[in-house]
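Visitor: Pasting coords_20.txt below, which is compact mmCIF, C-alpha atoms.
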```
# COMPACT_ATOMS: atom_id res chain seq x y z
CA MET G 19 29.44 51.62 -10.73
CA ASN G 20 29.50 51.52 -6.94
CA ASN G 21 32.75 49.79 -6.04
CA ASN G 22 33.86 51.99 -3.15
CA ASP G 23 36.54 53.83 -5.14
CA ASN G 24 37.55 55.92 -2.14
CA GLN G 25 38.14 52.93 0.15
CA PHE G 26 41.13 51.41 -1.65
CA ASP G 27 43.84 52.31 -4.11
CA ILE G 28 44.23 49.04 -6.00
CA TYR G 29 43.69 50.81 -9.33
CA ASP G 30 46.55 53.21 -8.59
CA GLU G 31 48.69 50.26 -7.56
CA LEU G 32 48.00 48.38 -10.81
CA MET G 33 48.65 51.41 -12.99
CA SER G 34 51.85 52.36 -11.18
CA ASN G 35 53.11 48.78 -11.61
CA ASP G 36 52.14 48.80 -15.30
CA TRP G 37 49.92 45.76 -14.74
CA ASN G 38 48.93 43.44 -17.54
CA HIS G 39 47.22 40.06 -17.47
CA SER G 40 50.15 38.23 -19.07
CA ARG G 41 52.19 38.82 -15.90
CA ALA G 42 49.33 37.85 -13.60
CA GLU G 43 49.57 35.06 -11.08
CA SER G 44 47.47 31.98 -11.79
CA GLY G 45 45.15 30.19 -9.43
CA ASP G 46 44.15 26.56 -9.87
CA GLY G 47 41.50 26.16 -7.15
CA LEU G 48 37.95 27.31 -6.57
CA VAL G 49 37.68 30.30 -4.22
CA ARG G 50 34.74 29.83 -1.85
CA TYR G 51 33.15 32.82 -0.15
CA ASP G 52 30.80 32.28 2.80
CA GLN G 53 30.86 36.01 3.56
CA PRO G 54 30.78 38.75 0.91
CA PRO G 55 34.39 39.82 0.24
CA SER G 56 35.36 43.39 -0.44
CA TYR G 57 35.55 44.31 -4.12
CA GLU G 58 39.31 44.77 -3.76
CA THR G 59 39.64 41.24 -2.37
CA PHE G 60 37.68 39.85 -5.32
CA ILE G 61 39.90 41.73 -7.75
CA ARG G 62 43.07 40.34 -6.16
CA GLU G 63 41.85 36.77 -5.71
CA CYS G 64 39.80 36.28 -8.88
CA PHE G 65 40.25 38.95 -11.56
CA LEU G 66 44.02 39.20 -11.25
CA LYS G 67 44.47 35.42 -10.95
CA ASN G 68 41.70 34.54 -13.45
CA ARG G 69 40.36 32.11 -10.86
CA PRO G 70 36.80 30.78 -10.34
CA ALA G 71 34.80 31.70 -7.25
CA LEU G 72 31.65 30.41 -5.60
CA PHE G 73 29.56 32.79 -3.48
CA THR G 74 27.54 30.53 -1.20
CA ALA G 75 24.00 31.26 -0.03
CA LYS G 76 25.48 32.49 3.28
CA CYS G 77 26.65 35.61 1.39
CA GLY G 78 23.00 36.55 0.87
CA LEU G 79 23.64 38.09 -2.54
CA MET G 80 20.28 36.86 -3.88
CA ASN G 81 18.09 37.33 -0.81
CA ASP G 82 16.16 40.33 -2.15
CA TRP G 83 15.77 39.22 -5.77
CA PRO G 84 12.13 39.55 -6.91
CA CYS G 85 12.38 36.40 -9.06
CA LEU G 86 12.68 34.24 -5.93
CA THR G 87 9.09 35.06 -4.98
CA GLU G 88 7.78 35.53 -8.53
CA TRP G 89 9.11 32.29 -10.02
CA LEU G 90 9.22 29.77 -7.16
CA THR G 91 6.81 27.96 -4.88
CA GLU G 92 6.28 29.36 -1.39
CA ASP G 93 9.03 27.20 0.09
CA ARG G 94 11.38 28.43 -2.69
CA THR G 95 12.45 24.91 -3.65
CA ARG G 96 10.73 24.40 -7.00
CA PRO G 97 9.56 26.40 -10.00
CA ASN G 98 6.02 27.73 -9.74
CA PHE G 99 5.06 26.49 -13.21
CA ASP G 100 1.59 28.04 -13.24
CA ARG G 101 2.90 31.44 -12.21
CA LEU G 102 5.68 31.29 -14.81
CA VAL G 103 3.15 30.51 -17.55
CA GLN G 104 0.97 33.36 -16.32
CA LEU G 105 3.93 35.75 -16.57
CA TYR G 106 5.58 34.61 -19.79
CA GLY G 107 3.39 31.97 -21.47
CA SER G 108 3.04 33.69 -24.85
CA MET G 109 6.73 34.57 -25.25
CA ILE G 110 8.77 32.74 -27.89
CA VAL G 111 11.81 31.17 -26.24
CA PRO G 112 14.95 29.35 -27.48
CA VAL G 113 14.96 25.65 -26.63
CA THR G 114 17.72 23.07 -27.05
CA LYS G 115 16.95 19.37 -27.26
CA CYS G 116 19.52 17.64 -25.11
CA ALA G 117 20.86 14.24 -26.15
CA SER G 118 23.06 11.89 -24.16
CA ASN G 119 25.35 11.43 -27.15
CA LEU G 120 25.68 15.13 -27.92
CA THR G 121 29.16 16.41 -27.10
CA GLU G 122 29.50 19.33 -29.52
CA TYR G 123 28.62 22.69 -27.99
CA GLY G 124 26.52 25.10 -30.03
CA SER G 125 25.20 22.59 -32.59
CA ASP G 126 22.25 24.22 -34.36
CA GLU G 127 20.57 20.97 -35.32
CA ASN G 128 19.07 20.54 -31.83
CA LYS G 129 17.95 24.16 -31.43
CA SER G 130 14.42 25.44 -31.95
CA THR G 131 11.98 28.04 -30.67
CA MET G 132 8.52 27.60 -29.16
CA ARG G 133 6.04 29.38 -26.94
CA PHE G 134 7.09 29.37 -23.31
CA ASP G 135 3.87 27.64 -22.20
CA GLU G 136 4.64 24.84 -24.68
CA PHE G 137 8.12 24.48 -23.20
CA VAL G 138 6.71 24.34 -19.66
CA GLN G 139 4.46 21.42 -20.68
CA LEU G 140 7.58 19.50 -21.78
CA TRP G 141 9.44 20.61 -18.65
CA ARG G 142 6.72 19.37 -16.30
CA ASP G 143 6.35 16.04 -18.08
CA THR G 144 8.68 13.47 -16.51
CA THR G 145 9.10 11.72 -19.87
CA THR G 146 10.46 14.83 -21.62
CA ALA G 147 11.89 16.97 -18.77
CA ALA G 148 15.45 15.75 -19.40
CA GLU G 149 15.29 16.45 -23.12
CA TYR G 150 14.28 20.09 -23.48
CA TYR G 151 16.33 22.97 -22.10
CA CYS G 152 15.36 26.65 -22.37
CA LYS G 153 18.77 28.29 -22.83
CA ASP G 154 20.11 31.75 -23.64
CA TRP G 155 16.68 33.30 -23.12
CA LEU G 156 16.93 37.11 -23.34
CA LEU G 157 14.06 37.52 -20.91
CA GLN G 158 15.02 40.95 -19.62
CA LYS G 159 15.54 42.23 -23.17
CA MET G 160 12.16 40.81 -24.25
CA SER G 161 10.40 42.24 -21.21
CA ASP G 162 9.52 45.86 -20.59
CA GLU G 163 12.94 47.54 -20.27
CA THR G 164 11.38 50.35 -18.22
CA LYS G 165 10.68 47.88 -15.39
CA PRO G 166 13.36 47.00 -12.83
CA LEU G 167 15.42 43.86 -13.27
CA PHE G 168 13.96 40.76 -11.62
CA TYR G 169 17.37 40.44 -9.95
CA SER G 170 20.21 42.77 -8.95
CA ILE G 171 23.77 42.51 -10.22
CA PRO G 172 26.29 41.95 -7.43
CA VAL G 173 28.98 44.62 -7.20
CA TYR G 174 31.67 42.14 -8.30
CA PHE G 175 30.11 41.86 -11.77
CA GLN G 176 28.92 45.41 -12.37
CA SER G 177 31.91 46.56 -14.42
CA ASP G 178 30.59 44.93 -17.60
CA TRP G 179 31.70 46.53 -20.85
CA LEU G 180 29.97 44.00 -23.10
CA ASN G 181 26.42 44.45 -21.81
CA GLU G 182 26.98 48.17 -21.19
CA LYS G 183 27.72 48.60 -24.90
CA CYS G 184 24.75 46.44 -25.92
CA LEU G 185 22.34 48.46 -23.78
CA VAL G 186 23.68 51.79 -25.07
CA ASN G 187 23.20 50.64 -28.67
CA ASN G 188 19.91 48.79 -28.03
CA GLU G 189 21.42 45.50 -29.23
CA ASP G 190 20.76 41.94 -28.13
CA ASP G 191 22.72 41.56 -24.93
CA PHE G 192 24.35 38.71 -23.01
CA ARG G 193 21.98 38.53 -20.03
CA PHE G 194 20.36 35.11 -20.08
CA VAL G 195 17.85 32.96 -18.22
CA TYR G 196 18.17 29.16 -18.22
CA MET G 197 15.37 26.74 -17.25
CA GLY G 198 15.53 22.95 -17.48
CA GLY G 199 14.77 19.61 -15.89
CA ASP G 200 16.91 16.96 -14.29
CA GLY G 201 19.66 15.86 -16.66
CA THR G 202 19.50 18.77 -19.08
CA ASN G 203 23.00 19.96 -19.80
CA THR G 204 25.47 22.12 -21.66
CA PRO G 205 28.39 20.18 -23.21
CA LEU G 206 32.05 21.11 -22.81
CA HIS G 207 32.77 24.62 -24.06
CA MET G 208 34.57 27.89 -23.46
CA ASP G 209 32.28 30.91 -23.18
CA VAL G 210 31.89 33.15 -26.21
CA LEU G 211 35.03 35.21 -26.99
CA GLY G 212 36.67 33.79 -23.88
CA THR G 213 34.55 36.08 -21.70
CA TYR G 214 33.88 35.88 -18.01
CA SER G 215 30.50 34.58 -16.96
CA TRP G 216 28.54 34.49 -13.75
CA SER G 217 25.71 32.07 -12.98
CA ALA G 218 23.17 32.48 -10.18
CA ASN G 219 21.19 29.38 -9.20
CA ILE G 220 17.57 30.27 -8.43
CA CYS G 221 16.49 26.69 -7.74
CA GLY G 222 17.76 23.17 -8.36
CA GLN G 223 21.42 22.18 -8.47
CA LYS G 224 24.13 22.28 -11.14
CA ARG G 225 27.08 19.94 -11.49
CA TRP G 226 30.01 21.94 -12.85
CA ARG G 227 33.11 20.33 -14.31
CA PHE G 228 36.04 22.51 -15.33
CA SER G 229 38.59 20.73 -17.50
CA LYS G 230 40.96 23.42 -18.82
CA PRO G 231 43.17 24.99 -17.64
CA TYR G 232 42.50 23.07 -14.39
CA SER G 233 40.22 20.18 -13.44
CA ILE G 234 37.60 21.03 -10.80
CA GLU G 235 34.21 19.43 -10.14
CA PHE G 236 31.56 20.59 -7.67
CA ILE G 237 27.81 21.03 -7.11
CA GLN G 238 26.28 24.51 -7.16
CA GLU G 239 23.39 24.79 -4.71
CA PRO G 240 20.32 27.07 -4.83
CA GLY G 241 21.15 30.61 -3.76
CA GLU G 242 24.79 30.32 -4.88
CA ILE G 243 26.51 32.42 -7.54
CA LEU G 244 29.49 31.17 -9.54
CA PHE G 245 32.12 33.33 -11.22
CA VAL G 246 33.64 31.62 -14.29
CA PRO G 247 37.00 33.10 -15.40
CA SER G 248 38.08 33.81 -18.96
CA GLU G 249 38.93 30.84 -21.16
CA TRP G 250 38.03 28.14 -18.62
CA TYR G 251 36.44 25.16 -20.38
CA HIS G 252 33.49 23.62 -18.58
CA ASP G 253 30.38 21.48 -18.93
CA VAL G 254 27.27 21.76 -16.77
CA THR G 255 24.48 19.31 -15.88
CA ASN G 256 21.27 20.22 -14.08
CA ILE G 257 20.08 18.22 -11.08
CA GLY G 258 16.34 18.56 -10.50
CA HIS G 259 14.19 21.35 -11.92
CA THR G 260 16.72 24.15 -12.30
CA ILE G 261 16.50 27.88 -13.02
CA SER G 262 19.53 30.13 -13.32
CA ILE G 263 20.45 33.63 -14.42
CA ASN G 264 23.68 33.96 -16.38
CA HIS G 265 25.69 36.84 -17.82
CA ASN G 266 28.61 36.74 -20.24
CA TRP G 267 30.80 39.81 -19.84
CA PHE G 268 34.22 41.38 -19.94
CA ASN G 269 35.91 44.43 -18.49
CA ALA G 270 39.33 46.01 -18.06
CA PHE G 271 40.74 42.93 -16.36
CA ASN G 272 40.19 40.52 -19.25
CA ILE G 273 39.83 42.74 -22.34
CA PHE G 274 43.35 41.85 -23.51
CA ARG G 275 42.33 38.18 -23.35
CA ILE G 276 39.41 39.01 -25.65
CA TRP G 277 41.79 40.78 -28.03
CA LYS G 278 44.20 37.84 -28.06
CA HIS G 279 41.32 35.41 -28.63
CA LEU G 280 40.19 37.44 -31.65
CA CYS G 281 43.78 37.56 -32.97
CA SER G 282 44.16 33.79 -32.57
CA THR G 283 40.82 33.08 -34.24
CA LEU G 284 41.66 35.46 -37.09
CA GLY G 285 44.95 33.63 -37.60
CA ASP G 286 43.03 30.37 -37.98
CA ILE G 287 40.66 31.97 -40.49
CA GLU G 288 43.52 33.38 -42.57
CA GLN G 289 45.21 29.99 -42.64
CA ARG G 290 42.03 28.18 -43.73
CA ILE G 291 41.35 30.48 -46.70
CA GLU G 292 44.95 31.24 -47.66
CA ASP G 293 44.33 29.65 -51.08
CA CYS G 294 41.91 32.50 -51.90
CA ARG G 295 44.30 35.28 -51.00
CA ALA G 296 45.75 35.88 -54.48
CA ILE G 297 42.38 36.32 -56.15
CA MET G 298 40.95 38.55 -53.39
CA SER G 299 43.80 41.09 -53.58
CA ASP G 300 42.90 44.28 -51.67
CA THR G 301 39.79 42.83 -49.98
CA TRP G 302 41.63 39.97 -48.27
CA TYR G 303 41.85 41.52 -44.79
CA GLU G 304 38.33 42.92 -44.99
CA HIS G 305 36.92 39.51 -45.94
CA CYS G 306 38.73 37.83 -43.06
CA GLN G 307 37.20 40.35 -40.67
CA LEU G 308 33.72 39.60 -42.04
CA ILE G 309 34.25 35.90 -41.31
CA LEU G 310 35.57 36.74 -37.84
CA GLN G 311 32.46 38.81 -37.12
CA ALA G 312 30.18 36.00 -38.36
CA ASN G 313 31.97 33.34 -36.31
CA GLU G 314 32.59 35.24 -33.07
CA GLY G 315 30.02 38.02 -33.07
CA MET G 316 32.88 40.51 -32.97
CA ASN G 317 35.87 41.56 -35.07
CA PHE G 318 38.61 44.17 -34.76
CA ILE G 319 36.36 46.98 -35.97
CA SER G 320 33.42 46.18 -33.70
CA LEU G 321 35.85 45.77 -30.79
CA TYR G 322 37.24 49.24 -31.45
CA LYS G 323 33.71 50.67 -31.58
CA LEU G 324 32.99 49.04 -28.22
CA LEU G 325 36.16 50.54 -26.73
CA HIS G 326 35.14 53.93 -28.06
CA THR G 327 31.68 53.64 -26.50
CA ILE G 328 33.06 52.70 -23.08
CA ALA G 329 35.77 55.38 -23.27
CA GLN G 330 33.23 58.12 -23.99
CA LYS G 331 31.08 57.02 -21.06
CA ARG G 332 34.08 56.99 -18.72
CA LEU G 333 35.17 60.41 -19.94
CA GLU G 334 31.76 61.72 -18.85
CA GLU G 335 32.03 60.24 -15.35
CA ASP G 336 33.29 61.91 -12.19
CA GLN G 337 36.94 62.75 -12.83
CA ARG G 338 37.76 61.55 -9.31
CA SER G 339 36.62 58.00 -10.11
CA LYS G 340 39.59 55.64 -9.96
CA HIS G 341 37.52 52.97 -11.68
CA ALA G 342 36.88 55.25 -14.67
CA LYS G 343 40.55 56.23 -14.81
CA PHE G 344 41.64 52.58 -14.77
CA ASP G 345 39.21 51.71 -17.57
CA LEU G 346 40.55 54.59 -19.66
CA TRP G 347 44.14 53.54 -18.95
CA ILE G 348 43.44 49.99 -20.16
CA ILE G 349 41.55 51.21 -23.24
CA GLU G 350 44.45 53.51 -24.16
CA ARG G 351 46.89 50.60 -23.96
CA LEU G 352 44.72 48.30 -26.05
CA VAL G 353 44.07 50.88 -28.77
CA ARG G 354 47.82 51.46 -29.03
CA THR G 355 48.27 47.69 -29.35
CA MET G 356 45.63 47.53 -32.08
CA LEU G 357 47.37 50.27 -34.03
CA GLN G 358 50.41 47.98 -34.24
CA SER G 359 48.31 45.26 -35.91
CA THR G 360 48.65 44.95 -39.66
CA GLN G 361 45.25 43.27 -39.84
CA PHE G 362 43.57 46.16 -38.03
CA LEU G 363 45.27 48.82 -40.14
CA SER G 364 44.61 46.97 -43.40
CA SER G 365 40.95 46.12 -42.83
CA CYS G 366 39.68 49.28 -41.18
CA ASP G 367 38.61 52.48 -42.93
CA PHE G 368 39.19 55.02 -40.17
CA ASP G 369 36.76 57.46 -41.80
CA THR G 370 33.90 55.06 -40.99
CA LEU G 371 34.76 54.89 -37.28
CA PRO G 372 32.99 57.07 -34.71
CA GLN G 373 36.38 58.64 -33.93
CA ARG G 374 39.86 58.08 -35.33
CA PRO G 375 42.00 56.02 -32.93
CA LYS G 376 44.73 58.64 -32.50
CA LYS G 377 42.13 61.29 -31.69
CA LEU G 378 40.61 58.99 -29.07
CA LEU G 379 44.07 58.36 -27.60
CA GLN G 380 44.67 62.10 -27.33
CA GLN G 381 41.33 62.55 -25.58
CA ILE G 382 42.04 59.76 -23.08
CA HIS G 383 45.60 60.91 -22.44
CA SER G 384 44.44 64.46 -21.77
CA CYS G 385 41.81 63.23 -19.27
CA ILE G 386 44.29 61.02 -17.39
CA GLU G 387 46.84 63.83 -17.25
CA LYS G 388 44.25 66.15 -15.69
CA GLN G 389 43.41 63.52 -13.08
CA ASN G 390 47.11 63.13 -12.24
CA GLN G 391 47.53 66.84 -11.53
```
Using the file provided, produce a representation of the structure as structure tokens.
Guide:
Amino acid sequence: MNNNDNQFDIYDELMSNDWNHSRAESGDGLVRYDQPPSYETFIRECFLKNRPALFTAKCGLMNDWPCLTEWLTEDRTRPNFDRLVQLYGSMIVPVTKCASNLTEYGSDENKSTMRFDEFVQLWRDTTTAAEYYCKDWLLQKMSDETKPLFYSIPVYFQSDWLNEKCLVNNEDDFRFVYMGGDGTNTPLHMDVLGTYSWSANICGQKRWRFSKPYSIEFIQEPGEILFVPSEWYHDVTNIGHTISINHNWFNAFNIFRIWKHLCSTLGDIEQRIEDCRAIMSDTWYEHCQLILQANEGMNFISLYKLLHTIAQKRLEEDQRSKHAKFDLWIIERLVRTMLQSTQFLSSCDFDTLPQRPKKLLQQIHSCIEKQNQ
């Protein structure tokens, strides 16, 4: 990751102060950038404060994205429907049928799949454009992975453990394309696992409404990119024909929030099936983890495997990288926290893991000690 490690020492500052997110300041307003901030500034104003940010078109973060010319009309104001069908017409895409009375996020009853050219017919038709929304489309994953991305990831979002792990393991990732007409929407929700997300508006507008932990409402214009912090509830409505690119992601700055979200969700699961505990005996913790994985797409074991994957990649990086050292420092702290969890110890067969936790801790500690010399 290119985040100008040699130009600032914020990572050293955070480690020397024994930083953790529970002691972080909070920010209740939307940070607006009309000029690209330094990565250190973004860390201090948004990561450390878990605060939303809007990068306006003046920042120019999207100016060179190939999708602007590939997907839009010459004036870059509307989707080029014919060109989109030419590019992707035969692909099978996920489509949600939006309803004015639908308030529950993630309801499967309104989800379906269809060919992309069939969706575009509904999208272009003024009588159905507000009803059908192509959401969570893994377009990059479905396309030729040897080809370059049709966009570039801004430096502020490049430290992305979730998608890094998915790409290493050739799994479905969390890099999505959204396309929909005027009035299509996503009801109130918190992003999966309490992750960060970023949303880049290719064309059209989006009305965002944050409700928890703070109330904020604004319009996102074409060419603008929004950073959504961890655990911020929001709903979104499209204005006009809208296309956006969205990532869900986490990194060293919010990984403890992910861990706490999993712990909280697991507690709810254990409470709901407490009546079954006596008859399940030794498999109780394991069964709870299976439910956690099914509900959240991650449990304690898969989280540990992700941490192991990221740790091994950072251990292979340039030993002078402060970013890699900070990632390893955070991973070491989280693994030690996990080893204090009865649920983790009771549900996990360490022999099935890619590396035993204490061995990984020794490896990380040795690397950090060498860097400190």
Visitor: Could you give me, as a VMD selection string, the residues that have an atom at most 7 Å away from the point (34.9, 42.4, -17.2) in the coordinates of the file, using all atoms listed in the file?
Guide: chain G and resid 177 to 179 214 267 to 272
Visitor: Compare G:Ser262, G:Gln337, G:Asn181, G:Gln330 by their minimum atom-to-atom distance to Arg193 in chain G, counting all atoms listed in the file, and give me the closest one.
Guide: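 That would be G:Asn181, the residue with the smallest distance to Arg193 in chain G.
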Visitor: Rounded to one decimal place, report the CA of Phe344 in chain G-CA of Arg332 in chain G distance in Å.
Guide: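 Computed distance, CA of Phe344 in chain G to CA of Arg332 in chain G, equals 9.6 Å.
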Visitor: List the neighbours of Ser364 in chain G out to 12 Å using all atoms listed in the file; skip same-chain residues closer than 3 positions along the sequence, and give me the result as an MDAnalysis selection string.
Guide: chainID G and resid 299:307 318:319 356:361 367:368
Visitor: Please provide the set of residues having any atom within 10 Å of Val353 in chain G, restricted to only C-alpha atoms, with same-chain residues fewer than 6 positions apart removed, written as a ChimeraX atom specification.
Guide: /G:321-322,325-326,375-376,378-379
Visitor: Residues within 10 Å of Asp135 in chain G, please, as number ranges by chain. Count only C-alpha atoms; anything in the same chain fewer than 3 positions from it doesn't count.
Guide: G: 99-100, 102-111, 132, 138-141
Visitor: Report, as JSON, the axis-aligned box around all atoms of range 141-154 of chain G present in the file, extended by 4 Å on each side; give centre and edge lengths in Å to one decimal place.
Guide:
```
{"center_x": 13.2, "center_y": 21.7, "center_z": -20.0, "size_x": 21.8, "size_y": 28.0, "size_z": 15.3}
```
Visitor: When you look at Met33 in chain G with a cut-off of 10 Å (counting all atoms listed in the file), what residues show up, excluding the ones that are within fewer than 6 positions of it in the same chain? I need them as a compact mmCIF listing (two decimals) with C-alpha atoms, keeping the file's coordinate frame.
Guide:
```txt
# COMPACT_ATOMS: atom_id res chain seq x y z
CA LYS G 343 40.55 56.23 -14.81
CA PHE G 344 41.64 52.58 -14.77
CA TRP G 347 44.14 53.54 -18.95
CA ILE G 348 43.44 49.99 -20.16
```
Visitor: Please report the interatomic distance between CA of Glu242 in chain G and CA of Tyr51 in chain G in Å with one decimal.
Guide: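 Value for the CA of Glu242 in chain G-CA of Tyr51 in chain G distance: 9.9 Å.
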Visitor: If you count all atoms listed in the file, which residues fall within 8 Å of Tyr169 in chain G, apart from same-chain ones fewer than 6 positions away, as a PyMOL selection string?
Guide: chain G and resi 80+82-85
Visitor: So the first atom is CA of Ile261 in chain G and the second is CA of Tyr57 in chain G; what is the distance between them in Å, to one decimal place?
Guide: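 According to the coordinates, CA of Ile261 in chain G and CA of Tyr57 in chain G are separated by 26.7 Å.
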Visitor: For a quick check of understanding, using all atoms listed in the file, which of G:Leu333, G:Leu86, G:Ala148, G:Met316 has the smallest distance to Ala117 in chain G?
Guide: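 Result for the nearest residue to Ala117 in chain G: G:Ala148.
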Visitor: Kindly indicate which residue among G:Val49, G:Ile273, G:Ile309, G:Val173 lies nearest to Gly212 in chain G, using all atoms listed in the file for the distances.
Guide: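 Looking at the shortest contact to Gly212 in chain G, the residue is G:Ile273.
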Visitor: Pick out the closest residue to Leu157 in chain G from this set: G:Pro112, G:Gly222, G:Pro172, G:Gly201. Count all atoms listed in the file.
Guide: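 Checking each candidate against Leu157 in chain G, we get G:Pro112 as the closest.
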Visitor: Please check which residues have atoms at most 7 Å from (37.4, 31.3, -10.5) in the file's coordinates, counting all atoms listed in the file, and write them as a list in words.
Guide: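 Returned residue set, sorted by chain then number, is Leu48, Val49, Cys64, Asn68, Arg69, Pro70, Ala71, Phe245, Val246 and Pro247 of chain G.
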Visitor: Between G:Asn264, G:Asn98, G:Ser56, G:Thr74, single out the one closest to Trp155 in chain G, counting all atoms listed in the file.
Guide: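 Closest residue, counting all atoms listed in the file: G:Asn264.
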Visitor: Given the choices G:Arg101, G:Lys340, G:Leu156, G:Leu72, which gets closest to Glu31 in chain G if the distance is worked out from only C-alpha atoms?
Guide: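 Ranking G:Arg101, G:Lys340, G:Leu156, G:Leu72 by distance to Glu31 in chain G, first place goes to G:Lys340.
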